[in-house]
Structure formats: structure tokens, C-alpha cells
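Have a look at the structure below, then the notes.
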Amino acid sequence: MLTNAIAGRFSATRSAAVVTRNARAMQTGPSAWLLVLAGLVEPLFYLLSIGLGVGSLISKDIVYRGHEVSYPDFVAPAMLATSAMTAAFSTTTFAFFAKLRQSKVYEAVLVTPVRPREVAVAEVVWSAIRGTVYCGLFLIAMVLLDTVSVGWALLAFPASVLAVVAFAAIGLAASTLMRGWHDFDALTTAQMALFLFSGTFSPAEDYPVPAQILVELTPLYHAVELIRRICIGDLAPQLLWNAGYLVAATGLCLVFAARRIHTIVYD
């Protein structure tokens, strides 16, 4: 039955205990923080090679939402959103799947008063903690590379953390559907498609209309739009829709993940 997944009051204390368990487990690895920083490398390389390398060959500014934006300034916020996605997925996909399906960590955890929804929230919080490091370091790099001002970077930081939380919940929900490691091939392919076709390297409005509609339904598109608009100083009402999409995705995926965790462990 699924009633145990939603019955009773949610306990932040029990969720915090699971987060603490994850932090202690991470400390046992001598190169744990190197793994965290490794996830920052790929989007940062994309920023340097495409944003600044290719961008130096593009003398004409890109017209984006009525603003003329240099190519590095256009690409950098998208790389930040990608970094948020990478940070979230690194925790709530392979690592979470191993604990849930392979090492059976949560079979032991759920013998205690901890409920599945508290596990789900804890995993998202843990991912957000790690993702905050990714996003903070990436924003520092953007400021140093002069692709965003310090003031707008400070406003973009909470937006990037929201993106981490949303992708953590999405990754968690997706991982509960995986039957084995081979199923992650589909998730990796989807992640790459999101990276390439979410308005990352060119405005989404440049796509054919059917493709544009499809792109605007994806979570990375909304993360890119939210962060990019803030970075260029365009605080349009549309930001509320982008942020609302990410909040709604977080809530729906958390509920789904909690139910799936209950089903996997107890049934």
C-alpha cells in the first residue's frame, strides 16, 4: 500500500538525518570533493571553448528578447543552467539508484521511522547542497570572465539553486523507474538532447515552430530562460512562469518519487 508514503506528518528532522548520513558517507571517500568539482569541469570547458573561443569569432551581437547580447554573455548563463542540471543528476541518478537498488541502503533506512517522502526530500536537499557549490563556483568564473556583473550574479545564484532543486527532483523520479544500469542510457541521451536543444547555443525562437513548442516544454529551457534573463538584467514577468514551472516540476516529481520508493522497498 502507498498510504505509508503520504500518511502522518512530514518530519524535517528525519529528512535531516538522512542528509547527515549522506554527508558522512561522502567523507569516507578520500577524493570525494574531487568528484564534486569534476562535475563543474565539463560545462566550464564548454563555456571557455564555445562561449569565448567561438564567441570571439562572432562579432555581431545576438538579439535576444529585444536585447543585443554578445555571444559569450548569451551562452554563459545557459552553461550555468547546464551545470545545475549536471550537479543535480550526478547525485540523484546513478548514486541514488545504487543506494536504492544495489546496496539496499533504503531498505535499512525505512525500517526506522523515516518515511519514503522524507528520503525523497533528503536526497533533493543533499543534491541542492552539492549543487550550490557548483553554481557558486561557476558564477565566480562568469564574473571573472566578465560575462555577468557581480550584482546580477548575486540575483542569478538563487535562480540557479532553484534549477538544481528542480533537476534533483526530476532525476530522483526518473531513477525510481530504472530497472537496471542499462536503462540509464536513455536518461543520458535525454540529458544530452536537453543540453543541445534548450536554447543553449541559439535562441529557441530561431527553431521551427513545432521544435520551438517542444523545446519550451522542457525543464532545461525554463532554467536557461530564468537564469539568462536575470544575468542580462531583464526582469520580465515571464520569469514568474519559468520559476513556477520549476517549482511545479519539483513538487510533482517529489510526490512521484516518494510513491515509487515506497513501492520498490515494500512491495
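If you're wondering about the labels, chains in the C-alpha cells are A, B, ... by order shown, residues count from 1 in each chain, ligands from 1 in order shown.
If you count only C-alpha atoms and ignore residues fewer than 3 places along the chain from Glu123 (chain A), what sits within 9 Å of it is A:Ser15, A:Val18, A:Val19, A:Asn22, A:Thr91, A:Thr92, A:Phe96, A:Glu118, A:Val119, A:Ala120, A:Trp126, A:Ser127, A:Ala128, A:Ala168, A:Ala169, A:Leu172.
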Since we have the selection now, will you write its residues out, keeping all heavy atoms, as a tab-separated table (two decimals), in the first residue's frame?
```
chain	number	residue	atom	x	y	z
A	15	SER	N	14.33	13.88	7.74
A	15	SER	CA	15.00	14.17	6.47
A	15	SER	C	16.43	14.64	6.70
A	15	SER	O	17.36	14.24	5.99
A	15	SER	CB	14.22	15.23	5.69
A	15	SER	OG	13.21	14.66	4.92
A	18	VAL	N	18.82	11.84	7.24
A	18	VAL	CA	19.25	11.17	6.01
A	18	VAL	C	20.31	12.00	5.30
A	18	VAL	O	21.28	11.47	4.76
A	18	VAL	CB	18.04	10.91	5.08
A	18	VAL	CG1	18.50	10.27	3.77
A	18	VAL	CG2	17.01	10.02	5.77
A	19	VAL	N	20.14	13.34	5.29
A	19	VAL	CA	21.15	14.22	4.69
A	19	VAL	C	22.48	14.06	5.41
A	19	VAL	O	23.55	13.96	4.78
A	19	VAL	CB	20.69	15.69	4.74
A	19	VAL	CG1	21.81	16.62	4.27
A	19	VAL	CG2	19.45	15.89	3.88
A	22	ASN	N	24.20	10.94	4.35
A	22	ASN	CA	24.84	11.09	3.05
A	22	ASN	C	26.17	11.85	3.16
A	22	ASN	O	27.15	11.51	2.50
A	22	ASN	CB	23.91	11.81	2.09
A	22	ASN	CG	22.75	10.95	1.63
A	22	ASN	OD1	22.80	9.73	1.74
A	22	ASN	ND2	21.70	11.58	1.12
A	91	THR	N	23.92	13.34	-8.42
A	91	THR	CA	23.56	12.82	-7.10
A	91	THR	C	22.31	11.96	-7.13
A	91	THR	O	22.24	10.92	-6.48
A	91	THR	CB	23.34	13.98	-6.11
A	91	THR	OG1	24.50	14.81	-6.08
A	91	THR	CG2	23.08	13.46	-4.70
A	92	THR	N	21.32	12.39	-7.88
A	92	THR	CA	20.00	11.73	-7.79
A	92	THR	C	19.74	10.72	-8.90
A	92	THR	O	18.62	10.22	-9.00
A	92	THR	CB	18.88	12.78	-7.81
A	92	THR	OG1	18.97	13.57	-9.01
A	92	THR	CG2	18.95	13.68	-6.60
A	96	PHE	N	21.97	7.63	-6.38
A	96	PHE	CA	20.74	7.25	-5.69
A	96	PHE	C	20.29	5.85	-6.10
A	96	PHE	O	19.88	5.05	-5.26
A	96	PHE	CB	19.63	8.26	-6.00
A	96	PHE	CG	18.29	7.85	-5.46
A	96	PHE	CD1	18.01	7.94	-4.11
A	96	PHE	CD2	17.30	7.35	-6.31
A	96	PHE	CE1	16.78	7.55	-3.61
A	96	PHE	CE2	16.08	6.97	-5.82
A	96	PHE	CZ	15.81	7.06	-4.46
A	118	GLU	N	10.31	11.46	3.15
A	118	GLU	CA	11.41	12.13	3.83
A	118	GLU	C	12.74	11.74	3.20
A	118	GLU	O	13.67	12.56	3.14
A	118	GLU	CB	11.37	11.78	5.32
A	118	GLU	CG	10.18	12.41	6.02
A	118	GLU	CD	9.76	11.71	7.29
A	118	GLU	OE1	10.30	10.63	7.60
A	118	GLU	OE2	8.86	12.24	7.98
A	119	VAL	N	12.83	10.52	2.69
A	119	VAL	CA	14.00	10.11	1.93
A	119	VAL	C	14.10	10.93	0.65
A	119	VAL	O	15.17	11.43	0.29
A	119	VAL	CB	13.93	8.60	1.59
A	119	VAL	CG1	14.99	8.24	0.54
A	119	VAL	CG2	14.11	7.76	2.84
A	120	ALA	N	12.97	11.08	-0.05
A	120	ALA	CA	12.96	11.83	-1.31
A	120	ALA	C	13.40	13.28	-1.08
A	120	ALA	O	14.23	13.82	-1.82
A	120	ALA	CB	11.57	11.79	-1.94
A	126	TRP	N	20.17	17.15	-0.28
A	126	TRP	CA	21.59	16.81	-0.40
A	126	TRP	C	22.12	17.22	-1.77
A	126	TRP	O	23.23	17.76	-1.89
A	126	TRP	CB	21.77	15.33	-0.16
A	126	TRP	CG	23.16	14.81	-0.37
A	126	TRP	CD1	23.54	13.83	-1.23
A	126	TRP	CD2	24.35	15.25	0.29
A	126	TRP	NE1	24.90	13.62	-1.15
A	126	TRP	CE2	25.42	14.48	-0.23
A	126	TRP	CE3	24.63	16.21	1.25
A	126	TRP	CZ2	26.73	14.65	0.20
A	126	TRP	CZ3	25.94	16.39	1.67
A	126	TRP	CH2	26.97	15.62	1.14
A	127	SER	N	21.35	16.97	-2.79
A	127	SER	CA	21.76	17.38	-4.14
A	127	SER	C	21.86	18.89	-4.24
A	127	SER	O	22.78	19.42	-4.87
A	127	SER	CB	20.75	16.85	-5.17
A	127	SER	OG	21.14	17.19	-6.47
A	128	ALA	N	20.93	19.61	-3.60
A	128	ALA	CA	20.95	21.07	-3.63
A	128	ALA	C	22.19	21.62	-2.93
A	128	ALA	O	22.78	22.62	-3.37
A	128	ALA	CB	19.68	21.62	-2.99
A	168	ALA	N	17.10	17.93	-9.45
A	168	ALA	CA	17.30	16.85	-8.47
A	168	ALA	C	16.02	16.03	-8.33
A	168	ALA	O	16.06	14.80	-8.31
A	168	ALA	CB	17.71	17.44	-7.12
A	169	ALA	N	14.89	16.71	-8.23
A	169	ALA	CA	13.61	16.01	-8.11
A	169	ALA	C	13.30	15.23	-9.38
A	169	ALA	O	12.82	14.08	-9.33
A	169	ALA	CB	12.50	17.01	-7.81
A	172	LEU	N	15.57	12.20	-9.49
A	172	LEU	CA	15.14	11.23	-8.49
A	172	LEU	C	13.95	10.42	-9.01
A	172	LEU	O	13.92	9.19	-8.91
A	172	LEU	CB	14.75	11.96	-7.21
A	172	LEU	CG	14.66	11.13	-5.93
A	172	LEU	CD1	16.04	10.68	-5.48
A	172	LEU	CD2	13.99	11.94	-4.82
```
Polymer residues at most 12 Å from Asp73 (chain A), only C-alpha atoms, same-chain spacing of 5 or more positions, as a ChimeraX atom specification = /A:47-48,50-52,55-56,61-64,67-68,78-80,142-143,145-149,200-202,227-233
Fewer than 3 positions away in the same chain doesn't count, so skip those; otherwise give me all residues within 12 Å of Leu100 (chain A), counting only C-alpha atoms, as a ChimeraX atom specification.
-> /A:92-97,103-110,116,119-120,123,172,175-180,257,260-266
Can you tell me how far CA of Arg101 (chain A) sits from CA of Ala173 (chain A), in Å to one decimal?
-> 13.9 Å
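Residue nearest Ala12 (chain A), chosen from A:Ala25, A:Val69, A:Ala76, A:Val121 and counting only C-alpha atoms: A:Val121.
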